[in-house]
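Remarks on the structure that follows.
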Amino acid sequence: MLDSHLRIKDTYPLVGVPNRARVSPSGHVLAWTVFVTGDSYNGGKFSTRVGMLDIATGETVDTLETYAVSRDGRAYRNVDLNFWGVTFVDDRHFYATMSTAGRRYLVYGDVAAQTVRTVAPNVECPSLSPDRTRIAFKEAIGGDPGNGWRLTVLDLATLRRTPLAETRSVDDQAAWLDDDTVMYAVRRGPKASDVWAVPAAGGGAARLLIPDAESPAALGNR
């Protein structure tokens, strides 16, 4: 945990490789995803866990796998649950990706109630827009990540999906530069990537935003 001058204030041990760190709008709650190995159910595939820390109270969430899950309106339990890619609504509520039984879902979570419920299928690495009405995400082409991902925006009121002008495969948790623009990383080699931006409404064209960068994030009131 860093302060506003990027000095280390505190550290927390994590089991696994950390990835996809996010901070709530207030700055009080932190979330992270770790990639772990050794889960007996995963058959050699990746396994992920999401943790959270409320720096105001010191309360932690070790894993979302202990939360009560509702899938398509019904209580659901399965040993193969994986979560990753949190995006906060506020200190209590969030969206994330959940995978189970070979499918991926956008889920809505409540920290106080310790619940998550599915919202839409085939949504990975969500990012909530500043106006809280849309989710930018990567959508597996044909429902199969092996085909790559298409950068897409989901309208939360209608669940309408809008593919964005970026046609390259985007394997990143996109971020919102503002209400009208989504930014994301595109790799151009094993050790190099650039950050690009594209209109969130679906038209226009992708433009280079920051060369030699990856996994962008934006600050509060823009």
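Simple scheme: letters A, B, ... for chains in structure tokens order, numbers from 1 for residues in each chain, numbers from 1 for ligands in the order shown.
The shell of residues at most 12 Å from Gly143 (chain A), with only C-alpha atoms counted and near chain neighbours (fewer than 5 positions) removed, consists of Gly102, Arg103, Arg104, Tyr105, Pro121, Asn122, Val123, Glu124, Lys138, Gly148, Trp149 and Arg150 of chain A.
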Can you tell me which residues surround Gly202 (chain A) at a distance of at most 10 Å, considering only C-alpha atoms, apart from same-chain residues fewer than 6 positions away, and format the answer as a PDB file with N, CA and C atoms, in the first residue's frame?
ATOM      1  N   LEU A 151     -12.820  -5.876 -27.554  1.00  0.00           N
ATOM      2  CA  LEU A 151     -13.141  -4.818 -26.603  1.00  0.00           C
ATOM      3  C   LEU A 151     -14.570  -4.351 -26.848  1.00  0.00           C
ATOM      4  N   THR A 152     -15.381  -4.345 -25.781  1.00  0.00           N
ATOM      5  CA  THR A 152     -16.823  -4.130 -25.898  1.00  0.00           C
ATOM      6  C   THR A 152     -17.312  -3.300 -24.726  1.00  0.00           C
ATOM      7  N   VAL A 153     -18.439  -2.605 -24.906  1.00  0.00           N
ATOM      8  CA  VAL A 153     -19.085  -1.857 -23.829  1.00  0.00           C
ATOM      9  C   VAL A 153     -20.486  -2.403 -23.616  1.00  0.00           C
ATOM     10  N   ARG A 161     -24.822  -4.720 -25.943  1.00  0.00           N
ATOM     11  CA  ARG A 161     -23.373  -4.748 -26.129  1.00  0.00           C
ATOM     12  C   ARG A 161     -22.987  -3.971 -27.381  1.00  0.00           C
ATOM     13  N   THR A 162     -21.946  -3.160 -27.246  1.00  0.00           N
ATOM     14  CA  THR A 162     -21.434  -2.381 -28.370  1.00  0.00           C
ATOM     15  C   THR A 162     -19.961  -2.703 -28.585  1.00  0.00           C
ATOM     16  N   PRO A 163     -19.618  -3.450 -29.648  1.00  0.00           N
ATOM     17  CA  PRO A 163     -18.205  -3.686 -29.950  1.00  0.00           C
ATOM     18  C   PRO A 163     -17.532  -2.354 -30.305  1.00  0.00           C
ATOM     19  N   LEU A 164     -16.332  -2.143 -29.810  1.00  0.00           N
ATOM     20  CA  LEU A 164     -15.632  -0.896 -30.069  1.00  0.00           C
ATOM     21  C   LEU A 164     -14.765  -1.010 -31.319  1.00  0.00           C
ATOM     22  N   ALA A 165     -14.222   0.145 -31.735  1.00  0.00           N
ATOM     23  CA  ALA A 165     -13.526   0.207 -33.018  1.00  0.00           C
ATOM     24  C   ALA A 165     -12.209  -0.555 -33.017  1.00  0.00           C
ATOM     25  N   GLU A 166     -11.672  -0.864 -31.854  1.00  0.00           N
ATOM     26  CA  GLU A 166     -10.438  -1.647 -31.765  1.00  0.00           C
ATOM     27  C   GLU A 166     -10.716  -3.088 -32.159  1.00  0.00           C
ATOM     28  N   ASP A 180     -16.462   9.220 -22.252  1.00  0.00           N
ATOM     29  CA  ASP A 180     -16.583   8.948 -23.683  1.00  0.00           C
ATOM     30  C   ASP A 180     -15.430   8.135 -24.254  1.00  0.00           C
ATOM     31  N   THR A 181     -14.430   7.802 -23.431  1.00  0.00           N
ATOM     32  CA  THR A 181     -13.203   7.198 -23.960  1.00  0.00           C
ATOM     33  C   THR A 181     -12.736   6.040 -23.095  1.00  0.00           C
TER      34      THR A 181
END
Exercise: region 54-64 of chain A partners within 8 Å, only C-alpha atoms, chain neighbours under 5 positions left out, as number ranges by chain: A: 28-30, 49, 83
Restricting the output to N, CA and C atoms, write the selected residues as an mmCIF file, in the first residue's frame.
data_model
loop_
_atom_site.group_PDB
_atom_site.id
_atom_site.type_symbol
_atom_site.label_atom_id
_atom_site.label_comp_id
_atom_site.auth_asym_id
_atom_site.auth_seq_id
_atom_site.Cartn_x
_atom_site.Cartn_y
_atom_site.Cartn_z
ATOM 1 N N HIS A 28 -10.651 4.193 -0.038
ATOM 2 C CA HIS A 28 -10.622 3.471 1.231
ATOM 3 C C HIS A 28 -10.526 1.962 1.083
ATOM 4 N N VAL A 29 -10.925 1.419 -0.072
ATOM 5 C CA VAL A 29 -10.950 -0.034 -0.237
ATOM 6 C C VAL A 29 -10.077 -0.418 -1.430
ATOM 7 N N LEU A 30 -9.203 -1.393 -1.200
ATOM 8 C CA LEU A 30 -8.315 -1.905 -2.231
ATOM 9 C C LEU A 30 -8.744 -3.316 -2.614
ATOM 10 N N ARG A 49 -7.862 -15.758 -7.376
ATOM 11 C CA ARG A 49 -8.599 -15.381 -6.174
ATOM 12 C C ARG A 49 -8.569 -13.873 -6.030
ATOM 13 N N PHE A 83 -12.676 -15.967 -9.405
ATOM 14 C CA PHE A 83 -13.043 -14.555 -9.546
ATOM 15 C C PHE A 83 -11.803 -13.758 -9.916
#
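Nearest residue to Asp110 (chain A), choosing from A:Ser169, A:Thr33, A:Ser70, A:Thr11 and counting only C-alpha atoms: A:Ser70.
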Ala113 (chain A) surroundings by only C-alpha atoms, 10 Å radius, close-in-sequence under 4 positions cut, as a PyMOL selection string: chain A and resi 67-68+92-93+109
Just-selected residues, N, CA, C and O atoms written as a PDB file, in the first residue's frame:
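Output file selection16.pdb is given in full below:
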ATOM      1  N   TYR A  67     -18.195 -16.158  -0.640  1.00  0.00           N
ATOM      2  CA  TYR A  67     -19.455 -15.419  -0.759  1.00  0.00           C
ATOM      3  C   TYR A  67     -20.572 -16.336  -1.271  1.00  0.00           C
ATOM      4  O   TYR A  67     -20.325 -17.309  -1.986  1.00  0.00           O
ATOM      5  N   ALA A  68     -21.815 -16.009  -0.926  1.00  0.00           N
ATOM      6  CA  ALA A  68     -22.974 -16.722  -1.462  1.00  0.00           C
ATOM      7  C   ALA A  68     -23.197 -16.268  -2.903  1.00  0.00           C
ATOM      8  O   ALA A  68     -23.285 -15.072  -3.186  1.00  0.00           O
ATOM      9  N   ARG A  92     -18.737  -0.469  -0.852  1.00  0.00           N
ATOM     10  CA  ARG A  92     -19.457  -1.691  -0.521  1.00  0.00           C
ATOM     11  C   ARG A  92     -19.758  -2.567  -1.736  1.00  0.00           C
ATOM     12  O   ARG A  92     -19.826  -3.792  -1.613  1.00  0.00           O
ATOM     13  N   HIS A  93     -19.931  -1.960  -2.902  1.00  0.00           N
ATOM     14  CA  HIS A  93     -20.416  -2.699  -4.060  1.00  0.00           C
ATOM     15  C   HIS A  93     -19.384  -2.703  -5.182  1.00  0.00           C
ATOM     16  O   HIS A  93     -18.615  -1.753  -5.338  1.00  0.00           O
ATOM     17  N   GLY A 109     -21.344  -7.600  -6.811  1.00  0.00           N
ATOM     18  CA  GLY A 109     -21.082  -8.055  -5.456  1.00  0.00           C
ATOM     19  C   GLY A 109     -21.416  -7.034  -4.394  1.00  0.00           C
ATOM     20  O   GLY A 109     -21.372  -5.820  -4.634  1.00  0.00           O
TER      21      GLY A 109
END
Region 5-187 of chain A: residues DSSP assigns to helix (DSSP H, G or I), reported as a VMD selection string: chain A and resid 64 to 66 141 to 143 145 to 147
Deliver the residues from the most recent selection as a file, using N, CA and C atoms, as a JSON list (two decimals), in the first residue's frame.
[["chain", "number", "residue", "atom", "x", "y", "z"],
["A", 64, "LEU", "N", -13.26, -14.14, -2.57],
["A", 64, "LEU", "CA", -14.70, -14.06, -2.87],
["A", 64, "LEU", "C", -15.34, -15.43, -2.95],
["A", 65, "GLU", "N", -14.53, -16.47, -2.95],
["A", 65, "GLU", "CA", -15.07, -17.83, -3.06],
["A", 65, "GLU", "C", -15.91, -18.23, -1.84],
["A", 66, "THR", "N", -15.82, -17.46, -0.76],
["A", 66, "THR", "CA", -16.64, -17.75, 0.41],
["A", 66, "THR", "C", -18.01, -17.05, 0.34],
["A", 141, "ILE", "N", -14.20, -13.94, -28.27],
["A", 141, "ILE", "CA", -14.80, -14.06, -29.60],
["A", 141, "ILE", "C", -15.39, -15.45, -29.76],
["A", 142, "GLY", "N", -16.68, -15.49, -30.09],
["A", 142, "GLY", "CA", -17.36, -16.77, -30.22],
["A", 142, "GLY", "C", -17.48, -17.51, -28.91],
["A", 143, "GLY", "N", -17.30, -16.78, -27.78],
["A", 143, "GLY", "CA", -17.37, -17.40, -26.46],
["A", 143, "GLY", "C", -16.16, -18.21, -26.08],
["A", 145, "PRO", "N", -12.06, -17.93, -25.39],
["A", 145, "PRO", "CA", -10.86, -17.09, -25.26],
["A", 145, "PRO", "C", -9.73, -17.49, -26.19],
["A", 146, "GLY", "N", -9.74, -18.74, -26.65],
["A", 146, "GLY", "CA", -8.72, -19.17, -27.59],
["A", 146, "GLY", "C", -8.77, -18.41, -28.91],
["A", 147, "ASN", "N", -9.92, -17.80, -29.21],
["A", 147, "ASN", "CA", -10.08, -17.00, -30.43],
["A", 147, "ASN", "C", -9.67, -15.55, -30.24]]
